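With mmCIF, C-alpha atoms inside, this is my_file-v2.cif:
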```cif
data_query
#
loop_
_atom_site.label_atom_id
_atom_site.label_comp_id
_atom_site.auth_asym_id
_atom_site.auth_seq_id
_atom_site.Cartn_x
_atom_site.Cartn_y
_atom_site.Cartn_z
CA MET A 275 84.67 108.12 110.91
CA SER A 276 87.74 106.18 109.86
CA LEU A 277 90.16 105.01 112.54
CA GLY A 278 93.52 103.28 112.41
CA CYS A 279 96.00 102.88 109.59
CA PRO A 280 96.00 104.03 105.93
CA LYS A 281 94.93 100.52 104.91
CA ASN A 282 91.75 101.02 106.91
CA LEU A 283 91.29 104.44 105.32
CA VAL A 284 91.25 102.83 101.88
CA ASP A 285 88.47 100.53 103.10
CA SER A 286 86.54 103.61 104.25
CA GLU A 287 87.01 105.27 100.87
CA VAL A 288 85.70 102.17 99.10
CA MET A 289 82.62 102.11 101.35
CA ILE A 290 82.03 105.79 100.58
CA GLY A 291 82.33 104.93 96.89
CA HIS A 292 79.67 102.22 97.16
CA LEU A 293 77.34 104.60 99.01
CA HIS A 294 77.98 107.45 96.58
CA ARG A 295 77.07 105.16 93.70
CA GLU A 296 73.75 104.44 95.45
CA GLY A 297 72.98 108.16 95.65
CA HIS A 298 74.13 108.95 99.18
CA SER A 299 75.99 112.18 99.87
CA LEU A 300 78.80 112.65 102.38
CA THR A 301 78.93 115.19 105.20
CA THR A 302 81.70 115.89 107.68
CA ASP A 303 79.22 117.28 110.22
CA CYS A 304 78.09 114.38 112.40
CA SER A 305 75.10 116.32 113.69
CA GLU A 306 73.70 116.56 110.14
CA ALA A 307 74.33 112.94 109.14
CA GLU A 308 71.35 110.60 108.92
CA ILE A 309 73.71 107.60 108.79
CA LEU A 310 76.92 107.34 110.82
CA ILE A 311 79.57 104.75 109.97
CA VAL A 312 82.50 104.04 112.28
CA ASN A 313 85.27 102.06 110.57
CA THR A 314 87.20 100.69 113.53
CA CYS A 315 90.69 99.48 114.41
CA SER A 316 91.48 96.69 116.85
CA PHE A 317 95.22 96.15 116.46
CA ILE A 318 96.19 97.02 120.04
CA ALA A 319 94.36 97.92 123.26
CA GLU A 320 94.64 101.69 122.72
CA ALA A 321 93.17 101.42 119.22
CA ARG A 322 90.39 99.20 120.50
CA GLN A 323 89.49 101.70 123.21
CA GLU A 324 89.53 104.56 120.73
CA SER A 325 87.14 102.60 118.53
CA ILE A 326 84.74 101.94 121.42
CA ASP A 327 84.86 105.58 122.51
CA THR A 328 84.13 106.74 118.96
CA ILE A 329 81.17 104.37 118.66
CA LEU A 330 79.73 105.74 121.92
CA GLU A 331 80.27 109.33 120.74
CA ALA A 332 78.52 108.53 117.47
CA ALA A 333 75.63 106.94 119.35
CA GLU A 334 74.96 110.28 121.08
CA PHE A 335 74.00 111.76 117.71
CA LYS A 336 71.05 109.38 117.60
CA LYS A 337 69.73 111.39 120.55
CA SER A 338 70.79 114.91 119.67
CA GLY A 339 71.40 114.92 115.91
CA ALA A 340 69.79 113.74 112.70
CA CYS A 341 71.27 110.25 112.93
CA ARG A 342 68.80 107.44 112.34
CA ARG A 343 71.22 104.57 111.86
CA LEU A 344 74.66 103.66 113.22
CA VAL A 345 76.85 101.12 111.40
CA VAL A 346 80.12 99.73 112.79
CA THR A 347 82.66 98.22 110.40
CA GLY A 348 86.32 97.20 110.34
CA CYS A 349 88.62 95.16 112.56
CA LEU A 350 86.73 95.65 115.83
CA ALA A 351 83.53 94.58 114.10
CA GLU A 352 85.26 91.52 112.66
CA ARG A 353 86.73 90.55 116.02
CA TYR A 354 83.94 91.40 118.44
CA SER A 355 80.73 91.41 116.41
CA LYS A 356 78.71 89.49 119.02
CA GLU A 357 79.89 91.72 121.85
CA ILE A 358 79.05 94.87 119.89
CA GLN A 359 75.57 93.59 119.10
CA SER A 360 74.86 92.55 122.69
CA ASP A 361 76.55 95.39 124.60
CA LEU A 362 75.87 98.33 122.28
CA PRO A 363 72.17 98.31 121.35
CA GLU A 364 72.62 101.72 119.70
CA VAL A 365 74.50 99.98 116.86
CA ASP A 366 72.13 98.98 114.05
CA ALA A 367 74.48 96.93 111.87
CA VAL A 368 77.92 95.33 112.08
CA LEU A 369 80.11 94.59 109.06
CA GLY A 370 83.44 92.76 109.15
CA THR A 371 86.55 93.41 107.08
CA ASN A 372 85.38 91.17 104.25
CA GLN A 373 81.84 92.58 104.01
CA ILE A 374 82.63 95.99 102.54
CA PRO A 375 80.40 95.48 99.45
CA LEU A 376 77.42 95.05 101.79
CA ILE A 377 77.67 98.58 103.19
CA ALA A 378 74.78 99.93 101.07
CA ARG A 379 72.50 97.14 102.32
CA ALA A 380 73.50 97.84 105.93
CA VAL A 381 72.83 101.55 105.52
CA ALA A 382 69.44 100.85 103.91
CA GLY A 383 68.40 98.75 106.88
CA GLU A 384 68.41 95.47 105.01
CA PRO A 385 69.56 92.42 107.00
CA VAL A 386 73.23 91.52 106.61
CA PRO A 387 74.92 88.38 107.94
CA ALA A 388 77.18 88.70 110.96
CA PRO A 389 80.93 88.74 110.26
CA GLY A 390 82.35 85.27 109.80
CA ARG A 391 84.42 83.53 112.41
CA PHE A 392 88.24 83.53 112.42
CA GLY A 393 89.78 81.17 109.88
CA ARG A 394 87.30 81.78 107.06
CA SER A 395 88.05 80.20 103.69
CA LYS A 396 89.89 82.10 100.96
CA ALA A 397 86.70 82.13 98.93
CA ASP A 398 85.17 84.52 101.47
CA LEU A 399 88.05 87.01 101.49
CA TYR A 400 87.53 90.46 99.97
CA LEU A 401 89.93 92.57 97.90
CA TYR A 402 88.92 95.63 95.90
CA ASN A 403 90.16 96.40 92.37
CA HIS A 404 90.26 99.28 89.90
CA ARG A 405 86.60 98.82 88.99
CA THR A 406 85.48 99.16 92.61
CA PRO A 407 83.87 102.56 93.34
CA ARG A 408 86.06 104.64 95.62
CA VAL A 409 85.96 108.25 96.84
CA PRO A 410 89.35 109.36 98.22
CA ALA A 411 89.18 111.12 101.58
CA THR A 412 92.74 112.40 101.34
CA PRO A 413 93.69 115.82 99.90
CA PRO A 414 93.25 115.83 96.10
CA TYR A 415 96.97 115.71 95.35
CA THR A 416 97.76 112.53 97.32
CA ALA A 417 96.24 109.06 97.68
CA TYR A 418 96.88 105.62 99.10
CA ILE A 419 96.59 102.48 97.00
CA LYS A 420 96.15 99.15 98.74
CA ILE A 421 98.07 96.61 96.64
CA ALA A 422 97.35 93.53 98.77
CA GLU A 423 95.32 92.41 101.75
CA GLY A 424 95.85 89.94 104.58
CA CYS A 425 99.07 88.45 105.93
CA ASP A 426 100.81 85.05 105.97
CA HIS A 427 103.42 85.91 108.60
CA SER A 428 103.03 84.37 112.05
CA CYS A 429 104.28 87.11 114.39
CA SER A 430 103.27 85.98 117.86
CA PHE A 431 101.96 89.42 118.95
CA CYS A 432 99.77 90.16 115.93
CA ILE A 433 96.05 89.49 115.43
CA ILE A 434 95.89 90.86 111.86
CA PRO A 435 96.11 87.51 109.99
CA LYS A 436 93.04 86.33 111.88
CA LEU A 437 91.16 89.54 111.17
CA ARG A 438 92.21 90.03 107.56
CA GLY A 439 92.88 86.51 106.33
CA ALA A 440 95.51 85.06 104.03
CA PHE A 441 97.77 87.31 101.97
CA ARG A 442 96.35 88.13 98.54
CA SER A 443 97.63 90.53 95.91
CA ARG A 444 95.92 92.61 93.28
CA ARG A 445 97.00 92.25 89.67
CA ILE A 446 99.57 94.72 88.38
CA ASP A 447 97.28 95.99 85.65
CA SER A 448 94.53 96.66 88.20
CA VAL A 449 96.83 98.75 90.40
CA VAL A 450 98.19 100.62 87.38
CA ARG A 451 94.71 101.42 86.08
CA GLU A 452 93.68 102.75 89.49
CA ALA A 453 96.83 104.90 89.64
CA GLU A 454 96.16 106.22 86.12
CA ASP A 455 92.64 107.19 87.15
CA LEU A 456 93.97 108.95 90.26
CA ALA A 457 96.54 110.82 88.17
CA ALA A 458 93.83 111.94 85.76
CA ARG A 459 91.99 113.42 88.77
CA GLY A 460 95.03 115.42 89.85
CA VAL A 461 96.77 113.07 92.30
CA ARG A 462 100.52 113.66 92.23
CA GLU A 463 101.69 111.44 95.07
CA ILE A 464 100.71 107.80 95.63
CA THR A 465 101.59 105.68 98.64
CA LEU A 466 101.36 101.91 98.30
CA VAL A 467 100.15 100.04 101.38
CA ALA A 468 99.60 96.42 102.42
CA GLN A 469 100.32 94.37 105.52
CA ASP A 470 103.63 93.55 103.82
CA THR A 471 104.32 95.33 100.53
CA THR A 472 107.48 93.33 99.82
CA SER A 473 105.46 90.10 99.63
CA TYR A 474 103.36 91.61 96.84
CA GLY A 475 102.75 89.11 94.05
CA THR A 476 104.12 86.01 95.80
CA ASP A 477 100.64 84.49 95.89
CA LEU A 478 100.36 85.12 92.15
CA GLY A 479 103.62 83.34 91.40
CA MET A 480 105.63 86.53 90.84
CA GLN A 481 109.25 87.02 91.76
CA ASP A 482 110.17 90.52 92.92
CA GLY A 483 106.56 91.57 92.43
CA LEU A 484 106.86 94.92 94.20
CA THR A 485 109.72 95.94 91.91
CA ARG A 486 107.71 94.99 88.83
CA LEU A 487 104.71 96.93 90.12
CA VAL A 488 106.65 100.08 90.97
CA GLU A 489 108.40 99.97 87.59
CA ALA A 490 104.98 100.03 85.93
CA LEU A 491 103.69 102.84 88.16
CA GLU A 492 106.80 104.91 87.48
CA ARG A 493 105.78 105.21 83.82
CA ILE A 494 102.46 106.94 84.59
CA ASP A 495 102.37 110.59 83.54
CA GLY A 496 101.32 112.99 86.27
CA ILE A 497 102.50 110.90 89.22
CA CYS A 498 105.54 112.65 90.70
CA TRP A 499 106.16 110.81 93.97
CA ILE A 500 105.76 107.10 94.69
CA ARG A 501 106.46 105.49 98.05
CA PHE A 502 105.62 102.16 99.63
CA LEU A 503 105.14 101.40 103.33
CA TYR A 504 105.37 98.31 105.56
CA VAL A 505 108.24 96.34 104.04
CA TYR A 506 109.39 93.14 105.73
CA PRO A 507 112.98 92.48 106.89
CA LYS A 508 115.06 90.40 104.49
CA LEU A 509 112.62 90.90 101.61
CA VAL A 510 114.12 94.08 100.12
CA SER A 511 115.79 92.81 96.94
CA ASP A 512 118.85 94.21 95.19
CA ARG A 513 116.68 94.92 92.16
CA LEU A 514 114.24 96.96 94.26
CA MET A 515 117.07 98.95 95.82
CA HIS A 516 118.59 99.63 92.42
CA LEU A 517 115.23 100.86 91.14
CA VAL A 518 114.66 103.19 94.11
CA ALA A 519 118.23 104.52 94.02
CA GLY A 520 118.04 105.46 90.35
CA SER A 521 114.49 106.81 90.16
CA GLU A 522 113.44 110.45 90.17
CA LYS A 523 109.88 109.50 91.12
CA ILE A 524 110.31 106.87 93.82
CA CYS A 525 110.96 108.42 97.23
CA LYS A 526 114.12 107.09 98.82
CA TYR A 527 112.19 105.97 101.86
CA ILE A 528 112.11 102.57 103.58
CA ASP A 529 109.45 101.87 106.20
CA MET A 530 110.38 98.57 107.86
CA PRO A 531 108.89 97.60 111.23
CA LEU A 532 111.68 95.68 113.00
CA GLN A 533 109.94 95.33 116.41
CA HIS A 534 113.09 94.52 118.46
CA ALA A 535 116.81 93.81 118.38
CA SER A 536 117.28 91.16 121.07
CA THR A 537 117.71 87.72 119.50
CA ARG A 538 115.77 86.13 122.33
CA ILE A 539 112.83 88.51 122.02
CA LEU A 540 112.81 88.34 118.22
CA ARG A 541 112.61 84.56 118.47
CA ALA A 542 109.71 84.79 120.94
CA MET A 543 108.01 87.23 118.56
CA ARG A 544 108.50 84.70 115.75
CA ARG A 545 110.35 87.31 113.76
CA GLY A 546 113.83 85.81 113.64
CA GLY A 547 117.12 87.60 113.16
CA SER A 548 119.48 89.24 115.60
CA ARG A 549 121.00 92.60 116.34
CA LEU A 550 123.94 91.74 114.09
CA SER A 551 121.86 90.49 111.16
CA LEU A 552 119.53 93.49 111.36
CA SER A 553 122.48 95.90 111.48
CA ARG A 554 123.98 94.28 108.39
CA MET A 555 120.65 94.39 106.57
CA ILE A 556 120.22 98.10 107.35
CA GLU A 557 123.76 98.85 106.22
CA ARG A 558 123.11 96.94 102.98
CA ILE A 559 120.03 99.08 102.29
CA ARG A 560 121.86 102.31 103.11
CA ARG A 561 124.67 101.36 100.73
CA GLY A 562 122.21 100.34 98.03
CA ILE A 563 120.07 103.49 98.35
CA PRO A 564 122.28 106.48 99.15
CA ASP A 565 120.52 109.17 101.25
CA VAL A 566 117.68 106.77 102.07
CA THR A 567 115.33 107.68 104.91
CA PHE A 568 114.89 104.62 107.14
CA ARG A 569 111.81 104.43 109.35
CA THR A 570 110.99 101.63 111.77
CA THR A 571 108.82 100.74 114.75
CA MET A 572 109.72 98.87 117.93
CA ILE A 573 107.71 97.10 120.63
CA VAL A 574 108.75 97.38 124.27
CA GLY A 575 107.37 95.33 127.13
CA PHE A 576 106.97 92.09 125.19
CA PRO A 577 106.53 89.13 127.60
CA GLY A 578 109.89 88.08 128.96
CA GLU A 579 111.66 91.30 127.96
CA THR A 580 114.32 91.89 130.61
CA GLU A 581 116.20 95.09 131.32
CA ARG A 582 119.12 93.53 129.49
CA ASP A 583 116.95 92.93 126.41
CA PHE A 584 115.76 96.52 126.53
CA GLN A 585 119.29 97.87 126.89
CA GLU A 586 120.27 95.86 123.81
CA LEU A 587 117.37 97.46 121.91
CA LEU A 588 118.35 100.89 123.19
CA GLY A 589 121.96 100.38 122.14
CA PHE A 590 120.93 99.06 118.74
CA CYS A 591 118.80 102.13 118.01
CA ARG A 592 121.57 104.39 119.28
CA ASP A 593 124.14 102.74 117.01
CA VAL A 594 121.97 102.50 113.90
CA GLU A 595 120.48 106.01 114.22
CA PHE A 596 117.16 105.54 112.46
CA ASP A 597 115.76 108.59 110.69
CA ARG A 598 112.28 107.85 112.04
CA LEU A 599 111.30 105.62 114.94
CA GLY A 600 107.92 104.79 116.46
CA VAL A 601 107.67 102.91 119.77
CA PHE A 602 104.68 100.86 120.88
CA VAL A 603 103.99 99.31 124.25
CA TYR A 604 103.19 95.61 123.90
CA SER A 605 99.46 94.88 123.92
CA ASN A 606 98.42 91.44 125.21
CA GLU A 607 95.87 90.50 122.56
CA GLU A 608 93.57 87.51 122.95
CA GLY A 609 93.86 85.20 119.97
CA THR A 610 97.59 85.78 119.43
CA ARG A 611 100.34 83.27 120.21
CA SER A 612 101.81 85.55 122.85
CA PHE A 613 98.53 86.04 124.74
CA GLY A 614 98.97 84.93 128.33
CA MET A 615 102.65 84.17 127.77
CA GLY A 616 104.68 84.08 130.97
CA GLY A 617 106.90 86.96 132.03
CA GLN A 618 104.39 89.75 131.46
CA VAL A 619 106.12 93.11 131.86
CA PRO A 620 104.39 95.61 134.19
CA ILE A 621 102.80 98.42 132.19
CA ARG A 622 104.67 101.02 134.22
CA THR A 623 107.98 99.42 133.25
CA ALA A 624 106.97 99.18 129.61
CA ARG A 625 105.95 102.84 129.46
CA ARG A 626 109.20 103.89 131.11
CA ARG A 627 111.10 101.99 128.44
CA GLN A 628 108.97 103.56 125.73
CA GLY A 629 109.73 107.05 127.05
CA GLU A 630 113.45 106.35 127.32
CA LEU A 631 113.68 105.06 123.76
CA MET A 632 111.62 107.94 122.38
CA GLU A 633 113.75 110.47 124.26
CA GLN A 634 116.89 108.97 122.76
CA GLN A 635 115.34 109.05 119.29
CA ALA A 636 114.31 112.71 119.66
CA ALA A 637 117.96 113.64 120.11
CA ILE A 638 118.97 111.52 117.11
CA SER A 639 116.21 113.02 114.95
CA ARG A 640 117.16 116.58 115.90
CA ARG A 641 120.81 115.88 115.07
CA LYS A 642 119.92 114.33 111.72
CA ASN A 643 117.53 117.18 110.88
CA SER A 644 120.22 119.75 111.72
CA ARG A 645 122.37 118.31 108.93
CA LEU A 646 119.70 119.47 106.45
CA VAL A 647 119.98 123.15 107.40
CA GLY A 648 121.15 125.11 104.39
CA ARG A 649 120.17 122.43 101.87
CA GLU A 650 117.66 123.00 99.08
CA LEU A 651 115.16 120.17 98.74
CA PRO A 652 111.91 119.45 96.85
CA ILE A 653 108.73 119.96 98.85
CA LEU A 654 105.08 119.10 98.26
CA VAL A 655 102.99 122.01 99.54
CA GLU A 656 100.07 120.81 101.69
CA GLY A 657 98.38 124.01 102.80
CA ALA A 658 97.72 125.64 106.16
CA SER A 659 99.95 124.47 108.97
CA ARG A 660 98.54 122.61 111.95
CA GLU A 661 100.77 124.83 114.08
CA SER A 662 99.61 128.24 112.90
CA ASP A 663 97.16 129.72 110.41
CA LEU A 664 99.91 132.16 109.45
CA LEU A 665 102.17 129.41 108.12
CA LEU A 666 101.92 126.78 105.44
CA GLN A 667 103.33 123.31 105.66
CA GLY A 668 104.59 120.76 103.21
CA ARG A 669 106.47 117.49 103.09
CA LEU A 670 109.83 116.44 101.75
CA PRO A 671 110.28 113.09 99.96
CA SER A 672 111.59 111.84 103.32
CA GLN A 673 108.30 112.64 105.10
CA ALA A 674 105.39 110.23 104.62
CA PRO A 675 101.86 111.64 104.98
CA GLU A 676 100.27 111.49 108.44
CA ILE A 677 103.22 109.47 109.81
CA ASP A 678 106.30 111.68 109.91
CA GLY A 679 106.93 115.31 110.72
CA VAL A 680 106.40 118.15 108.25
CA CYS A 681 108.31 121.12 106.89
CA LEU A 682 106.89 124.48 107.98
CA ILE A 683 107.14 127.18 105.33
CA SER A 684 108.37 130.46 106.79
CA ASP A 685 107.84 132.81 103.90
CA SER A 686 106.43 136.29 103.40
CA GLU A 687 104.62 135.18 100.24
CA VAL A 688 102.98 131.97 101.39
CA GLY A 689 99.75 133.16 99.82
CA ALA A 690 101.27 132.47 96.41
CA LEU A 691 101.72 128.78 97.20
CA LYS A 692 98.95 126.30 96.41
CA PRO A 693 98.33 122.88 97.97
CA GLY A 694 99.61 120.15 95.68
CA GLU A 695 102.40 122.25 94.18
CA PHE A 696 105.96 120.98 94.08
CA ARG A 697 108.49 123.64 94.94
CA THR A 698 112.05 123.89 96.26
CA ILE A 699 112.67 124.87 99.86
CA ARG A 700 115.84 125.94 101.65
CA ILE A 701 115.96 124.49 105.16
CA THR A 702 116.65 127.20 107.73
CA ARG A 703 115.96 125.50 111.06
CA ALA A 704 115.71 121.98 112.47
CA LEU A 705 113.43 120.75 115.25
CA ALA A 706 113.25 117.27 116.78
CA HIS A 707 110.73 116.04 114.21
CA ASP A 708 109.82 118.99 111.97
CA LEU A 709 111.81 121.34 109.78
CA ILE A 710 111.43 125.01 108.91
CA GLY A 711 112.39 126.53 105.59
CA THR A 712 111.90 129.23 102.97
CA VAL A 713 110.73 128.60 99.42
CA VAL A 714 113.40 129.26 96.82
CA ARG A 715 112.08 131.55 94.10
#
```
In structure tokens, how does this file's structure come out?
Amino acid sequence: MSLGCPKNLVDSEVMIGHLHREGHSLTTDCSEAEILIVNTCSFIAEARQESIDTILEAAEFKKSGACRRLVVTGCLAERYSKEIQSDLPEVDAVLGTNQIPLIARAVAGEPVPAPGRFGRSKADLYLYNHRTPRVPATPPYTAYIKIAEGCDHSCSFCIIPKLRGAFRSRRIDSVVREAEDLAARGVREITLVAQDTTSYGTDLGMQDGLTRLVEALERIDGICWIRFLYVYPKLVSDRLMHLVAGSEKICKYIDMPLQHASTRILRAMRRGGSRLSLSRMIERIRRGIPDVTFRTTMIVGFPGETERDFQELLGFCRDVEFDRLGVFVYSNEEGTRSFGMGGQVPIRTARRRQGELMEQQAAISRRKNSRLVGRELPILVEGASRESDLLLQGRLPSQAPEIDGVCLISDSEVGALKPGEFRTIRITRALAHDLIGTVVR
């Protein structure tokens, strides 16, 4: 059971790889599993609660199923290992984010040390490479590659640096060899992930490391789409934009969490910038990468956020017209700089602001999607639609897996389409987040 972001999913796939190498087999039926592993998330309160609920659900299979052992891993385990061990006796082992190689020992019932305390030394930090066993849990035509781990930014609301440690990059040749192996197994789309992909290579003394990495990945036969997520404001170089704009393989897609637009709130978040500087940066990227899809996330309800601050954020998003926008309610996380900060915003107010911003974005998204009606665009066929067994779905280059909407395929011959195929689709209808189209024969 893997919870949270794609970065956490990669960790789960590596753990599966270690277990597979030791002779264990994987089942998706929890009632049949002798060992249950819950790889948790603890980024915000909602994710933490989901992790706890999932652990409790898994524990029930020790009573009614074949489960003999329950192992909890990931960010929640790193952050609250003592509490898990004392409050959840059903849990047999706890592994933190840097103890992934110990998963086979934990499953076998061998003693494993408790996760280290916050602020561990760099020598203790874990990062997988191309030689690490890994079993992808994604569909066979797509995969994530984690190119770095940890974070050196000091955003006041974020606990990740304490959970994941200092920023550290993989070597270019290691990432390339992993991508080549994935391509040989039929993967056609790779998505690069890290806490901040645009800082890739800085710890190794590289300049413009992400550009150099993507240039190398672009040369791999068999890989058709490349995208990277989680870029940091002000770190998108001219060289990177030029590469994306001129490439047939790199999706013209920028995922940049901006978090807010009020100068005062950005300063309190330790992000920096202003509405004006962010607007200019976005315009620079849109000029440098024509037809780019720009996705971002915002936080509402940050301590001290006034109605005026929120209206500035609302106006900023209305003026900029992001292609994709996610909105989170601020989570007051112990261990962060903003924990206990004065001016806490009532949750009811924060959720009202979230709804208002999302409602505005729905109208913007529908309007932007409507401009695609009549156009013919490449699509990666995914298979049966989540909406109806009678339809297939796929994704355009502008739609990242599991994050954005999809394109429903309304076609009388959908049976002739196979998951993992690249086809051309003519858009016939636009919804707020999804599109509908017919495959061009």
Check what the PyMOL selection byres ((chain A and resi 310) around 10) selects in the file above and give those residues as number ranges by chain. A: 275, 301, 304-309, 311-313, 329, 332-333, 335-336, 340-346, 365, 381
Could you list, as an MDAnalysis selection string, every residue matched by the PyMOL selection byres ((chain A and resi 498) around 12) in this structure? chainID A and resid 415:416 453 457 460:465 491:497 499:501 521:525 652:654 671 694:696
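One distance worth recording is that between atom CA of Arg442 of chain A and atom CA of Ser473 of chain A, which is 9.4 Å.
The space between atom CA of Arg561 of chain A and atom CA of Val594 of chain A spans 13.5 Å.
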Residues near Glu352 of chain A, anyone? I mean within 9 Å using only C-alpha atoms, not counting same-chain ones fewer than 4 positions away, as a compact mmCIF listing (two decimals) with C-alpha atoms, keeping the file's coordinate frame.
```txt
# COMPACT_ATOMS: atom_id res chain seq x y z
CA THR A 347 82.66 98.22 110.40
CA GLY A 348 86.32 97.20 110.34
CA VAL A 368 77.92 95.33 112.08
CA LEU A 369 80.11 94.59 109.06
CA GLY A 370 83.44 92.76 109.15
CA THR A 371 86.55 93.41 107.08
CA ASN A 372 85.38 91.17 104.25
CA ALA A 388 77.18 88.70 110.96
CA PRO A 389 80.93 88.74 110.26
CA GLY A 390 82.35 85.27 109.80
CA ARG A 391 84.42 83.53 112.41
CA PHE A 392 88.24 83.53 112.42
CA LEU A 437 91.16 89.54 111.17
CA ARG A 438 92.21 90.03 107.56
```
The distance between atom CA of Lys642 of chain A and atom CA of Asp597 of chain A is 7.2 Å
So that I can check the surroundings of segment 531-541 of chain A, please list as an NGL selection string every protein, DNA and RNA residue that reaches within 8 Å of it, counting all atoms listed in the file and ignoring chain neighbours fewer than 4 positions away. :A and (504-507 or 545-549 or 552 or 569-574 or 576 or 578-579 or 583-584 or 586-587 or 590)
Can I get the selection written as a tab-separated table (two decimals), in the coordinates of the input, with C-alpha atoms?
```tsv
chain	number	residue	atom	x	y	z
A	504	TYR	CA	105.37	98.31	105.56
A	505	VAL	CA	108.24	96.34	104.04
A	506	TYR	CA	109.39	93.14	105.73
A	507	PRO	CA	112.98	92.48	106.89
A	545	ARG	CA	110.35	87.31	113.76
A	546	GLY	CA	113.83	85.81	113.64
A	547	GLY	CA	117.12	87.60	113.16
A	548	SER	CA	119.48	89.24	115.60
A	549	ARG	CA	121.00	92.60	116.34
A	552	LEU	CA	119.53	93.49	111.36
A	569	ARG	CA	111.81	104.43	109.35
A	570	THR	CA	110.99	101.63	111.77
A	571	THR	CA	108.82	100.74	114.75
A	572	MET	CA	109.72	98.87	117.93
A	573	ILE	CA	107.71	97.10	120.63
A	574	VAL	CA	108.75	97.38	124.27
A	576	PHE	CA	106.97	92.09	125.19
A	578	GLY	CA	109.89	88.08	128.96
A	579	GLU	CA	111.66	91.30	127.96
A	583	ASP	CA	116.95	92.93	126.41
A	584	PHE	CA	115.76	96.52	126.53
A	586	GLU	CA	120.27	95.86	123.81
A	587	LEU	CA	117.37	97.46	121.91
A	590	PHE	CA	120.93	99.06	118.74
```
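Minimum distance to Ser316 of chain A across A:Tyr474, A:Leu350, A:Ser644, A:Gly383 (counting all atoms listed in the file) occurs at A:Leu350.
Every protein, DNA or RNA residue with an atom at most 9 Å from Asp285 of chain A, where all atoms listed in the file count and chain neighbours fewer than 5 positions away do not, is listed here: Ser276, Pro280, Ile290, Asn313, Gly348, Thr371, Ile374, Tyr402, Arg408 and Lys420 of chain A.
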File dump, residues just selected, C-alpha atoms, as a compact mmCIF listing (two decimals), in the frame of the given file:
```
# COMPACT_ATOMS: atom_id res chain seq x y z
CA SER A 276 87.74 106.18 109.86
CA PRO A 280 96.00 104.03 105.93
CA ILE A 290 82.03 105.79 100.58
CA ASN A 313 85.27 102.06 110.57
CA GLY A 348 86.32 97.20 110.34
CA THR A 371 86.55 93.41 107.08
CA ILE A 374 82.63 95.99 102.54
CA TYR A 402 88.92 95.63 95.90
CA ARG A 408 86.06 104.64 95.62
CA LYS A 420 96.15 99.15 98.74
```
